[in-house]
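Report on the structure given below.
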Amino acid sequence: MVRIFKKSSKMVGLPPGALVHVGDEKTAEVKITVMDYDEAQFQEREVRSVEECVPYKDKPSVTWINLDGIHRVEIVEALGKSFDLHPLILEDILNTGQRPKLEDFSGYLYIVLKMITYGDSNGAVKVEQVSLVLGPNFVISFQEAEGDIFDPVRDRIRTAKGRIRKRGADYLAYSLIDAVVDNYFVVLEKFGEEIEDLEEELVSEPTSDTIQDIHRMKREMIFLRRSVWPLREVVSGLRRGESPLINKETAVYLGDAYDHIIQVIDTVESYRDMVAGMLDIYLSSLTYKMNQIMKVLTIIATIFIPLTFLTGVYGMNFHFMPELGWRWSYPIFWAVSAGIVIWMLFYFKRKKWL
Amino acid sequence: MVRIFKKSSKMVGLPPGALVHVGDEKTAEVKITVMDYDEAQFQEREVRSVEECVPYKDKPSVTWINLDGIHRVEIVEALGKSFDLHPLILEDILNTGQRPKLEDFSGYLYIVLKMITYGDSNGAVKVEQVSLVLGPNFVISFQEAEGDIFDPVRDRIRTAKGRIRKRGADYLAYSLIDAVVDNYFVVLEKFGEEIEDLEEELVSEPTSDTIQDIHRMKREMIFLRRSVWPLREVVSGLRRGESPLINKETAVYLGDAYDHIIQVIDTVESYRDMVAGMLDIYLSSLTYKMNQIMKVLTIIATIFIPLTFLTGVYGMNFHFMPELGWRWSYPIFWAVSAGIVIWMLFYFKRKKWL
Amino acid sequence: MVRIFKKSSKMVGLPPGALVHVGDEKTAEVKITVMDYDEAQFQEREVRSVEECVPYKDKPSVTWINLDGIHRVEIVEALGKSFDLHPLILEDILNTGQRPKLEDFSGYLYIVLKMITYGDSNGAVKVEQVSLVLGPNFVISFQEAEGDIFDPVRDRIRTAKGRIRKRGADYLAYSLIDAVVDNYFVVLEKFGEEIEDLEEELVSEPTSDTIQDIHRMKREMIFLRRSVWPLREVVSGLRRGESPLINKETAVYLGDAYDHIIQVIDTVESYRDMVAGMLDIYLSSLTYKMNQIMKVLTIIATIFIPLTFLTGVYGMNFHFMPELGWRWSYPIFWAVSAGIVIWMLFYFKRKKWL
Amino acid sequence: MVRIFKKSSKMVGLPPGALVHVGDEKTAEVKITVMDYDEAQFQEREVRSVEECVPYKDKPSVTWINLDGIHRVEIVEALGKSFDLHPLILEDILNTGQRPKLEDFSGYLYIVLKMITYGDSNGAVKVEQVSLVLGPNFVISFQEAEGDIFDPVRDRIRTAKGRIRKRGADYLAYSLIDAVVDNYFVVLEKFGEEIEDLEEELVSEPTSDTIQDIHRMKREMIFLRRSVWPLREVVSGLRRGESPLINKETAVYLGDAYDHIIQVIDTVESYRDMVAGMLDIYLSSLTYKMNQIMKVLTIIATIFIPLTFLTGVYGMNFHFMPELGWRWSYPIFWAVSAGIVIWMLFYFKRKKWL
Amino acid sequence: MVRIFKKSSKMVGLPPGALVHVGDEKTAEVKITVMDYDEAQFQEREVRSVEECVPYKDKPSVTWINLDGIHRVEIVEALGKSFDLHPLILEDILNTGQRPKLEDFSGYLYIVLKMITYGDSNGAVKVEQVSLVLGPNFVISFQEAEGDIFDPVRDRIRTAKGRIRKRGADYLAYSLIDAVVDNYFVVLEKFGEEIEDLEEELVSEPTSDTIQDIHRMKREMIFLRRSVWPLREVVSGLRRGESPLINKETAVYLGDAYDHIIQVIDTVESYRDMVAGMLDIYLSSLTYKMNQIMKVLTIIATIFIPLTFLTGVYGMNFHFMPELGWRWSYPIFWAVSAGIVIWMLFYFKRKKWL
């Protein structure tokens with residue numbers, strides 16, 4: 001099941017800015033990797049402690065610090081202190097129940113994203129919170145677990161493919177957002193296939209599981225929608241270029257990402273409409289089948305109940321029943337029965353039940 | 001049942017500003033507590049009369065006057081007079097049917113909040129109105145009954161934990177609002193659990209109570225929604241910082257509270273969608289079950305009604321029925337019956353009723 | 001039945017500003033009362049002719065002219081001429097199919113309100129149009145029938161209770177609007193009780209009347225909504241204080257009335273949601289009952305139809321039926337029957353039909 | 001059936017401004033009438049050719065040229081050329097699939113209206129497009145067929161009743177729009193009556209035609225809505241007084257027409273809600289009836305099927321059935337049967353099926 | 001089936017601006033045609049390579065380069081480079097999953113349109129993406145396959161019909177957009193016919209296919225809606241005339257195209273409402289039919305089950321059954337049976353089941 005609501009009762013009663021990890025512990029170890037590059041050089045390494053990251057803060061080259069696993073509160077706190085992050089931001093990074101949002105602090109931007117992956121086995125959707133902090137020449141990304149959706153970005157940095165090595169930290173942040181958005185397309189594609197399967201099942205052989213599947217799809221749509229809608233405002237806010245951290249040229253690329261998000265929203269809305277329609281069809285086809293069943297029952301009962309009455313009549317033991325002794329009674333009985341059957345069938349034919 | 005509508009016919013015909021308590025009397029005694037603090041010192045006491053509060057009005061340290069129980073109109077009136085509150089505000093404090101709202105008077109802000117608690121026994125939601133008056137260096141809070149959701153704030157003041165002792169009355173007001181909002185998360189969590197239970201029940205064993213539960217949930221969602229939506233505007237209004245009473249630094253914290261409210265609204269909307277969907281599933285699964293029941297009936301009737309007709313035929317007492325005397329009639333009858341049964345089963349198999 | 005639409009085909013083809021009374025004649029006689037007051041003095045009298053009102057027009061004290069019964073077109077016309085009202089306003093006063101609205105003419109404001117009363121006997125809602133003209137020092141009110149909802153205002157003027165005698169005509173107009181809004185609360189309370197009764201009925205003993213009642217409630221909600229929504233804009237318009245006729249202090253009181261209207265709208269919307277939900281429950285519980293009925297039928301039929309077939313078999317008159325002569329046939333028949341019954345009951349138990 | 005969509009595939013591939021008549025030919029002959037008036041004089045005549053209209057173009061008195069029948073493209077074209085109308089306007093006049101709209105060209109305004117008439121015989125609604133061109137001192141109106149809804153306006157011009165002869169061409173245009181709006185009230189009244197009839201039918205004796213009628217009403221509401229909604233913007237645009245062609249005094253009257261349109265929209269929306277509700281009631285009452293039917297069947301079957309089994313038992317021909325020879329077997333059988341019936345009736349009574 | 005979602009997982013992980021064709025390969029060969037014209041001359045030819053197009057870039061006459069088939073990435077890329085198009089635009093041209101949009105780059109406008117054609121055989125709708133690049137004196141159009149909807153525009157250029165040869169590239173772009181919009185009318189007309197057929201089928205003879213057809217229509221409406229809604233903003237953006245590339249005179253024509261789009265949207269919305277209503281009617285009429293079926297069954301069963309019980313009674317073999325020996329038993333039995341039947345029929349008549 002998709003959990004709509006992250007339990008955050010842990011936090012009730014704490015002062016604002018108190019640092020508590022809210023969410024599942026998705027990875028055992030916390031892993032910090034640093035990539036530092038400019039057009040000329042490139043350096044990548046895994047660091048053991050937060051202190052090793054500090055020198056990169058004021059280095060003119062672009063630095064990307066990636067942290068996989070946020071359940072070790074003290075590490076996030078240390079990193080926050082080193083880079084002068086506001087305590088409320090650290091609280092939000094640790095609380096995985098955030099909506100996508102953009103916050104503009106003096107000196108850096110804070111961006112929350114939701115990364116969605118399609119669970120392979122039972123079809124449930126998994127969600128992971130990605131926080132980005134964009135400074136003048138660094139990006140810090142916080143992920144709940146080690147993932148592979150940022151790998152293409154890493155590859156582009158390593159191989160200096162595309163423009164990424166020639167541009168600043170804002171372009172790196174854009175690339176990461178774009179990677180998250182691209183991933184929605186993969187999820188939507190899977191959803192699309194599942195909807196098609198469900199529609200086929202609905203037409204051919206609806207079972208009581210079908211309604212469960214439709215319901216599950218509906219819930220996942222609700223969930224997906226909640227993740228994507230606010231993302232639109234995030235990218236729209238970045239793109240408007242009010243922050244000096246965002247280069248004008250990068251804004252053009254953010255416009256492209258914005259278009260992609262609109263496409264995702266569009267598709268989610270269309271899927272929602274389609275799934276909603278499936279429920280009506282399910283109910284209609286159940287009622288249609290019921291009609292078919294009732295017709296069979298009614299035809300059988302209507303034909304045989306009067307005949308059975310007739311056999312009952314001549315099964316009575318009254319002493320004085322003249323018909324019993326007649327020579328042609330039995331053949332006449334069959335003839336009358338056949339007549340009733342034929343007349344009934346004709347009647348049902350006319351009523352279009354047959 | 002959640003009462004959507006507080007009876008306020010008591011008030012009809014009264015001039016505006018007339019002071020009448022509208023609502024249930026939730027506590028026997030009215031209790032007034034005063035906390036007065038600044039960074040250096042801290043003082044807490046329960047006062048007997050309103051007059052004891054007056055000296056705090058112009059004291060430079062931050063004063064929090066909390067009043068539990070608003071049914072004693074004269075006490076509220078006396079307090080209002082001492083602190084120069086507008087009669088319309090006093091009327092609103094006493095009338096517990098208000099929506100959350102923010103009103104800006106010269107010299108102070110008036111804030112209405114709705115505090116929601118989840119009734120333990122029968123699952124009904126209880127609601128309490130909390131009114132806050134924020135002056136330059138004091139906060140007056142009015143509660144319908146003595147509650148414990150402000151206890152963490154009191155603790156923080158007592159122990160000087162967090163920033164609260166270093167900041168002004170606006171931060172205190174924020175802390176109280178934050179405590180109310182935090183409490184919504186607790187209620188939502190309970191709702192979430194109830195929805196999950198209900199969904200499980202719906203799948204496994206729906207009864208006629210299920211529909212009642214769904215209906216109740218739906219009503220409580222309507223109710224919760226009404227309490228939370230206007231709260232958004234309240235905090236948004238505070239945060240915009242138009243009032244000189246709100247410090248710029250506090251506005252950042254109010255932004256955090258605003259985010260929490262958006263999360264609450266988001267969750268309420270998702271729950272509404274989910275509960276609405278459950279009704280459709282309930283109806284669908286009832287119809288599905290009906291189909292199953294009708295299939296059983298139809299199969300039984302369709303198999304046995306023709307056979308019963310056949311036994312009726314050979315139970316008739318006509319004198320001239322050649323078959324009766326034949327040697328193999330009875331075995332042939334069984335053979336024909338078995339044939340009909342097999343053919344019927346085959347037919348139902350093909351129709352996918354078995 | 002609530003009439004959604006006042007027949008106004010009488011007016012088709014007439015030039016604009018033509019004065020025709022559209023609506024039911026709700027009172028036999030037209031009654032004009034005049035109250036004239038300032039802080040010092042107070043005078044109240046019933047006048048016979050419109051001419052007697054004219055002198056009050058330019059008197060500095062506040063004058064309230066109330067007209068009960070608008071079907072005598074010539075009286076309204078005479079009053080209109082005396083006070084220089086625009087012909088289109090007179091047309092609107094006479095046509096009781098108006099929506100609540102506010103119109104700002106130079107020199108005076110024209111306000112249309114809808115007054116709703118709950119019919120005692122058969123539960124239908126009655127509606128009356130109230131028109132107010134607010135001039136610099138006078139208010140003219142037009143009612144379709146003599147009513148009692150303005151009596152509290154009259155009492156306050158007579159007894160000089162509250163602020164009313166100290167304030168101008170704008171405060172009087174506010175008091176009248178407030179009286180109309182207060183009256184909505186009375187109606188809503190009655191609605192609330194009826195909804196609760198209906199819900200109880202729905203749970204315990206739904207009949208075919210229940211659906212009629214739900215439908216009627218739904219229609220009355222549609223109607224109530226139409227009356228209240230535009231009222232919001234009316235009071236909001238008054239309160240914005242663009243007209244010099246509205247004093248700034250009165251605007252604060254109008255803000256209070258605005259809050260009340262929002263509360264009414266909120267409650268109407270909640271009731272609408274609740275009534276809409278009742279229909280779904282009604283349908284679901286009908287289907288649930290059908291399932292119960294079908295189960296009983298199916299259990300009975302499924303148990304006895306095969307047994308009846310068996311009795312039919314041994315009621316046949318074939319000459320050669322070895323079982324007929326056996327000693328233990330009859331006890332064995334009973335044993336087999338009991339076996340079938342027990343097996344069926346077990347089967348239904350497992351299917352959770354029992 | 002109401003045609004939602006005018007076939008306009010004729011136009012596909014033509015250059016913009018190409019003149020083709022799209023719509024039904026509603027009248028055989030094209031008729032042009034000219035009314036020319038000012039406060040002092042009045043002249044009315046039917047003209048044979050477009051040329052006769054030209055001199056009126058620059059005459060200072062107000063001229064109203066009315067054209068009934070627009071299928072003769074060349075006449076519309078000639079008139080367009082004489083009065084310097086833009087080719088796109090001529091295209092729109094001829095294409096009767098337009099929505100109501102207002103277009104401001106330098107020198108004149110172009111207004112499209114939809115006139116609705118209620119077909120007498122089979123209840124279908126008919127729609128006609130009316131185009132108005134308002135110049136400095138002339139109005140040209142284009143109707144699809146000769147109608148009578150403008151007759152009251154003509155009468156007022158002829159008899160100099162009301163203000164019409166004292167005002168300019170803008171007041172004439174207003175009068176024509178007002179006549180079209182007034183006509184909506186007539187149609188709505190008819191709809192209201194039909195809805196009431198339908199509701200009564202729904203309660204007393206729903207047939208399979210009822211659903212067809214509800215569906216038809218629903219479609220006509222969709223249609224009516226499409227005609228009225230954009231009209232609001234048209235009148236609102238005229239009234240804002242941005243065009244120098246609209247006198248300020250006329251704007252007050254347009255405000256009145258605007259109010260009427262809002263009333264029409266309001267009523268259409270209410271009707272839509274009511275018709276939508278009727279479908280739910282229809283379905284509910286069908287299901288309720290089904291329950292009643294099933295109860296009858298189940299009661300009968302449940303009482304008699306076990307009894308029939310009992311008669312079957314004692315109709316068996318086993319040689320050794322001791323009960324058959326007992327003296328009181330037959331009376332006991334009747335006693336047991338009566339017992340079962342009474343017990344069953346008691347059971348159904350308790351289940352509230354009787 | 002209408003594909004709601006173009007598979008674009010190919011693109012995941014690629015840097016922005018990477019050129020990959022996403023979509024079906026709808027034509028075998030890529031075909032480039034060039035039309036170059038001004039008022040005086042006209043030239044049309046098919047070119048083999050992109051290089052041949054380059055000289056037209058700076059020619060003062062209007063040039064229309066049309067490319068059918070976009071799956072040959074290198075051709076699109078070459079064309080893009082020759083005309084200085086931004087890489088993101090080339091990416092969008094190749095990715096056929098775009099929504100209609102307008103992008104303003106310095107020097108040219110980029111417009112995406114969706115062309116819809118109604119599949120003849122099985123009624124499915126086909127969609128094709130058309131991209132336009134409008135420069136100062138050229139238009140480049142990209143189509144997925146060779147189509148004929150631009151043929152009327154070509155004809156008008158060839159024959160110098162209408163204004164097209166006298167105007168600039170902006171008018172050409174308008175003409176192409178207008179051709180796409182006109183085509184929607186053709187599709188809508190087909191839809192309208194299909195809806196009418198479906199409604200007739202619904203009334204006369206609904207089958208289980210009907211629900212499939214309604215569902216398919218619903219999906220196609222969702223799809224059509226997605227294509228048309230954003231188109232509105234595209235044309236509205238062009239028409240506002242913020243770009244120097246759009247002539248003021250052309251803006252008038254774009255206003256006309258805008259009106260057409262509004263008409264299309266209006267019709268799509270009406271169709272959606274109508275199709276949604278059809279589902280309710282389908283379900284209602286199924287339930288109505290079920291009622292009819294159940295009535296037949298219940299009447300038959302209710303009449304014959306008690307009679308069959310009676311025959312069972314006198315078929316019992318008790319030795320002491322006095323009635324068996326009576327002379328008039330058998331005629332009395334028939335009389336009683338007839339009485340029961342008549343009484344039952346009377347009962348059903350009163351219940352209006354017959």
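Naming scheme: A, B, ... for chains in displayed order of the structure tokens; residues 1 onward per chain; ligands 1 onward as shown.
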Listing only residues of chain C within 12 Å of chain E, what is the closest atom pair and its distance in Å (to one decimal) for each, using only C-alpha atoms, sorted by chain and residue number ascending, as JSON lines?
```
{"residue": "C:Thr287", "atom": "CA", "partner": "E:Thr287", "partner_atom": "CA", "distance": 12.0}
{"residue": "C:Thr308", "atom": "CA", "partner": "E:Gly312", "partner_atom": "CA", "distance": 10.7}
{"residue": "C:Thr311", "atom": "CA", "partner": "E:Gly312", "partner_atom": "CA", "distance": 10.7}
{"residue": "C:Gly312", "atom": "CA", "partner": "E:Gly312", "partner_atom": "CA", "distance": 10.1}
{"residue": "C:Tyr314", "atom": "CA", "partner": "E:Met316", "partner_atom": "CA", "distance": 11.9}
{"residue": "C:Gly315", "atom": "CA", "partner": "E:Gly315", "partner_atom": "CA", "distance": 9.0}
{"residue": "C:Met316", "atom": "CA", "partner": "E:Gly315", "partner_atom": "CA", "distance": 11.1}
```
Polymer residues at most 8 Å from segment 133-136 of chain A, only C-alpha atoms, same-chain spacing of 4 or more positions, as a ChimeraX atom specification: /A:107-111,140-141,169-170,173,245
Non-local contacts of Ala160 of chain A (10 Å; only C-alpha atoms; under 2 positions in same chain excluded) as a ChimeraX atom specification: /A:37-42,154-158,162-166
Backbone DSSP call of helix (DSSP H, G or I) for segment 100-304 of chain A, listed as a ChimeraX atom specification: /A:151-159,164-166,169-204,208-239,248-304
Between atom CA of Thr302 of chain D and atom CA of Val296 of chain C, distance in Å (one decimal): 8.0 Å
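Atom pair atom CA of Gln143 of chain D / atom CA of Val127 of chain D: separated by 11.0 Å.
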Close residues, Lys59 of chain E itself excluded, 12 Å, only C-alpha atoms, min 3 positions apart in chain, as a ChimeraX atom specification: /E:36-38,53-56,62-64,135-138
Go ahead and write the residues just picked, all heavy atoms, as an mmCIF file, in the first residue's frame.
```
data_model
loop_
_atom_site.group_PDB
_atom_site.id
_atom_site.type_symbol
_atom_site.label_atom_id
_atom_site.label_comp_id
_atom_site.auth_asym_id
_atom_site.auth_seq_id
_atom_site.Cartn_x
_atom_site.Cartn_y
_atom_site.Cartn_z
ATOM 1 N N ASP E 36 8.098 29.010 -52.453
ATOM 2 C CA ASP E 36 8.615 30.352 -52.257
ATOM 3 C C ASP E 36 7.750 31.282 -53.091
ATOM 4 O O ASP E 36 7.521 31.030 -54.279
ATOM 5 C CB ASP E 36 10.077 30.411 -52.713
ATOM 6 C CG ASP E 36 10.682 31.749 -52.418
ATOM 7 O OD1 ASP E 36 11.180 31.939 -51.290
ATOM 8 O OD2 ASP E 36 10.630 32.624 -53.319
ATOM 9 N N TYR E 37 7.224 32.329 -52.451
ATOM 10 C CA TYR E 37 6.305 33.202 -53.199
ATOM 11 C C TYR E 37 6.311 34.616 -52.658
ATOM 12 O O TYR E 37 6.687 34.867 -51.521
ATOM 13 C CB TYR E 37 4.884 32.639 -53.154
ATOM 14 C CG TYR E 37 4.303 32.616 -51.748
ATOM 15 C CD1 TYR E 37 3.634 33.722 -51.230
ATOM 16 C CD2 TYR E 37 4.416 31.480 -50.954
ATOM 17 C CE1 TYR E 37 3.103 33.698 -49.957
ATOM 18 C CE2 TYR E 37 3.901 31.450 -49.677
ATOM 19 C CZ TYR E 37 3.241 32.568 -49.185
ATOM 20 O OH TYR E 37 2.742 32.533 -47.923
ATOM 21 N N ASP E 38 5.947 35.526 -53.519
ATOM 22 C CA ASP E 38 5.494 36.847 -53.090
ATOM 23 C C ASP E 38 4.351 37.218 -54.006
ATOM 24 O O ASP E 38 3.852 36.371 -54.751
ATOM 25 C CB ASP E 38 6.628 37.875 -53.069
ATOM 26 C CG ASP E 38 7.325 37.992 -54.398
ATOM 27 O OD1 ASP E 38 6.709 37.628 -55.430
ATOM 28 O OD2 ASP E 38 8.489 38.423 -54.426
ATOM 29 N N CYS E 53 17.854 24.155 -49.081
ATOM 30 C CA CYS E 53 16.916 25.069 -48.416
ATOM 31 C C CYS E 53 17.601 26.330 -47.919
ATOM 32 O O CYS E 53 16.958 27.369 -47.745
ATOM 33 C CB CYS E 53 16.271 24.384 -47.207
ATOM 34 S SG CYS E 53 15.435 22.852 -47.617
ATOM 35 N N VAL E 54 18.895 26.222 -47.664
ATOM 36 C CA VAL E 54 19.595 27.310 -46.985
ATOM 37 C C VAL E 54 19.466 28.652 -47.700
ATOM 38 O O VAL E 54 19.208 29.664 -47.051
ATOM 39 C CB VAL E 54 21.080 26.929 -46.752
ATOM 40 C CG1 VAL E 54 21.808 28.038 -46.014
ATOM 41 C CG2 VAL E 54 21.160 25.621 -45.974
ATOM 42 N N PRO E 55 19.589 28.718 -49.024
ATOM 43 C CA PRO E 55 19.534 30.026 -49.682
ATOM 44 C C PRO E 55 18.235 30.774 -49.412
ATOM 45 O O PRO E 55 18.195 32.002 -49.441
ATOM 46 C CB PRO E 55 19.640 29.683 -51.178
ATOM 47 C CG PRO E 55 20.100 28.277 -51.256
ATOM 48 C CD PRO E 55 19.791 27.613 -49.978
ATOM 49 N N TYR E 56 17.142 30.019 -49.130
ATOM 50 C CA TYR E 56 15.850 30.668 -48.918
ATOM 51 C C TYR E 56 15.795 31.440 -47.616
ATOM 52 O O TYR E 56 14.922 32.240 -47.385
ATOM 53 C CB TYR E 56 14.728 29.621 -48.929
ATOM 54 C CG TYR E 56 14.536 28.985 -50.276
ATOM 55 C CD1 TYR E 56 14.997 27.706 -50.554
ATOM 56 C CD2 TYR E 56 13.894 29.698 -51.298
ATOM 57 C CE1 TYR E 56 14.820 27.133 -51.793
ATOM 58 C CE2 TYR E 56 13.706 29.117 -52.551
ATOM 59 C CZ TYR E 56 14.176 27.843 -52.792
ATOM 60 O OH TYR E 56 13.987 27.299 -54.026
ATOM 61 N N VAL E 62 8.463 35.147 -49.201
ATOM 62 C CA VAL E 62 8.035 34.188 -48.166
ATOM 63 C C VAL E 62 8.368 32.767 -48.601
ATOM 64 O O VAL E 62 8.053 32.381 -49.732
ATOM 65 C CB VAL E 62 6.519 34.317 -47.903
ATOM 66 C CG1 VAL E 62 6.081 33.293 -46.872
ATOM 67 C CG2 VAL E 62 6.178 35.721 -47.470
ATOM 68 N N THR E 63 8.989 32.003 -47.712
ATOM 69 C CA THR E 63 9.351 30.625 -48.036
ATOM 70 C C THR E 63 8.701 29.677 -47.036
ATOM 71 O O THR E 63 8.731 29.909 -45.836
ATOM 72 C CB THR E 63 10.879 30.436 -47.957
ATOM 73 O OG1 THR E 63 11.502 31.415 -48.767
ATOM 74 C CG2 THR E 63 11.275 29.037 -48.397
ATOM 75 N N TRP E 64 8.096 28.621 -47.598
ATOM 76 C CA TRP E 64 7.512 27.594 -46.738
ATOM 77 C C TRP E 64 8.225 26.279 -47.007
ATOM 78 O O TRP E 64 8.123 25.719 -48.081
ATOM 79 C CB TRP E 64 6.019 27.488 -47.002
ATOM 80 C CG TRP E 64 5.343 26.346 -46.300
ATOM 81 C CD1 TRP E 64 5.788 25.640 -45.233
ATOM 82 C CD2 TRP E 64 4.083 25.778 -46.651
ATOM 83 N NE1 TRP E 64 4.888 24.691 -44.863
ATOM 84 C CE2 TRP E 64 3.815 24.753 -45.725
ATOM 85 C CE3 TRP E 64 3.137 26.043 -47.638
ATOM 86 C CZ2 TRP E 64 2.658 23.985 -45.767
ATOM 87 C CZ3 TRP E 64 1.983 25.273 -47.675
ATOM 88 C CH2 TRP E 64 1.749 24.257 -46.745
ATOM 89 N N GLY E 135 9.821 32.242 -38.854
ATOM 90 C CA GLY E 135 10.884 33.247 -38.868
ATOM 91 C C GLY E 135 10.391 34.507 -39.571
ATOM 92 O O GLY E 135 9.228 34.590 -39.971
ATOM 93 N N PRO E 136 11.263 35.483 -39.765
ATOM 94 C CA PRO E 136 10.828 36.761 -40.347
ATOM 95 C C PRO E 136 10.200 36.581 -41.728
ATOM 96 O O PRO E 136 9.203 37.212 -42.037
ATOM 97 C CB PRO E 136 12.119 37.569 -40.449
ATOM 98 C CG PRO E 136 13.131 36.855 -39.626
ATOM 99 C CD PRO E 136 12.710 35.443 -39.506
ATOM 100 N N ASN E 137 10.758 35.692 -42.547
ATOM 101 C CA ASN E 137 10.185 35.512 -43.884
ATOM 102 C C ASN E 137 10.148 34.046 -44.296
ATOM 103 O O ASN E 137 10.197 33.713 -45.463
ATOM 104 C CB ASN E 137 10.967 36.345 -44.912
ATOM 105 C CG ASN E 137 12.443 36.025 -44.815
ATOM 106 O OD1 ASN E 137 12.837 35.200 -43.978
ATOM 107 N ND2 ASN E 137 13.237 36.641 -45.664
ATOM 108 N N PHE E 138 10.135 33.188 -43.313
ATOM 109 C CA PHE E 138 9.987 31.755 -43.654
ATOM 110 C C PHE E 138 9.168 31.044 -42.590
ATOM 111 O O PHE E 138 9.054 31.493 -41.439
ATOM 112 C CB PHE E 138 11.358 31.076 -43.799
ATOM 113 C CG PHE E 138 12.177 31.085 -42.536
ATOM 114 C CD1 PHE E 138 12.042 30.050 -41.585
ATOM 115 C CD2 PHE E 138 13.098 32.102 -42.271
ATOM 116 C CE1 PHE E 138 12.801 30.065 -40.435
ATOM 117 C CE2 PHE E 138 13.848 32.116 -41.121
ATOM 118 C CZ PHE E 138 13.703 31.085 -40.200
#
```
Atom-to-atom span, atom CA of Val50 of chain B and atom CA of Ala78 of chain B, Å: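 Between atom CA of Val50 of chain B and atom CA of Ala78 of chain B the gap works out to 6.6 Å.
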Nearby residues (only C-alpha atoms) at most 6 Å from segment 181-193 of chain D, same-chain spacing under 3 positions excluded, as a list in words: Ser9 and Val12 of chain C; Tyr118, Asp178 and Glu196 of chain D
Could the residues in this selection be written to a file with all heavy atoms, as a short mmCIF file (atom, residue, chain, number, x, y, z; two decimals), in the first residue's frame?
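Below is the file out28.cif, written as the result:
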```cif
data_model
loop_
_atom_site.label_atom_id
_atom_site.label_comp_id
_atom_site.auth_asym_id
_atom_site.auth_seq_id
_atom_site.Cartn_x
_atom_site.Cartn_y
_atom_site.Cartn_z
N SER C 9 -43.00 36.11 -16.77
CA SER C 9 -43.35 36.28 -18.17
C SER C 9 -44.27 37.48 -18.35
O SER C 9 -44.40 38.00 -19.44
CB SER C 9 -44.01 35.01 -18.72
OG SER C 9 -45.07 34.64 -17.89
N VAL C 12 -42.29 40.24 -19.97
CA VAL C 12 -41.71 40.14 -21.29
C VAL C 12 -42.36 41.13 -22.24
O VAL C 12 -43.58 41.22 -22.31
CB VAL C 12 -41.86 38.70 -21.81
CG1 VAL C 12 -41.48 38.59 -23.27
CG2 VAL C 12 -41.01 37.77 -20.96
N TYR D 118 -39.09 27.55 -27.52
CA TYR D 118 -39.49 26.24 -27.03
C TYR D 118 -40.47 25.64 -28.02
O TYR D 118 -41.57 26.17 -28.22
CB TYR D 118 -40.17 26.43 -25.67
CG TYR D 118 -40.15 25.21 -24.83
CD1 TYR D 118 -39.02 24.88 -24.10
CD2 TYR D 118 -41.26 24.39 -24.76
CE1 TYR D 118 -39.00 23.77 -23.31
CE2 TYR D 118 -41.23 23.26 -23.98
CZ TYR D 118 -40.10 22.96 -23.25
OH TYR D 118 -40.09 21.83 -22.48
N ASP D 178 -32.22 43.05 -24.76
CA ASP D 178 -33.15 42.83 -23.67
C ASP D 178 -34.32 41.95 -24.11
O ASP D 178 -34.78 41.08 -23.36
CB ASP D 178 -33.66 44.19 -23.18
CG ASP D 178 -34.29 44.09 -21.81
OD1 ASP D 178 -33.66 43.50 -20.91
OD2 ASP D 178 -35.43 44.57 -21.63
N GLU D 196 -41.25 20.06 -13.13
CA GLU D 196 -42.24 19.70 -12.11
C GLU D 196 -43.06 18.49 -12.54
O GLU D 196 -43.31 17.57 -11.74
CB GLU D 196 -43.16 20.89 -11.83
CG GLU D 196 -42.56 21.86 -10.82
CD GLU D 196 -43.48 23.02 -10.54
OE1 GLU D 196 -44.70 22.80 -10.41
OE2 GLU D 196 -42.98 24.15 -10.45
#
```
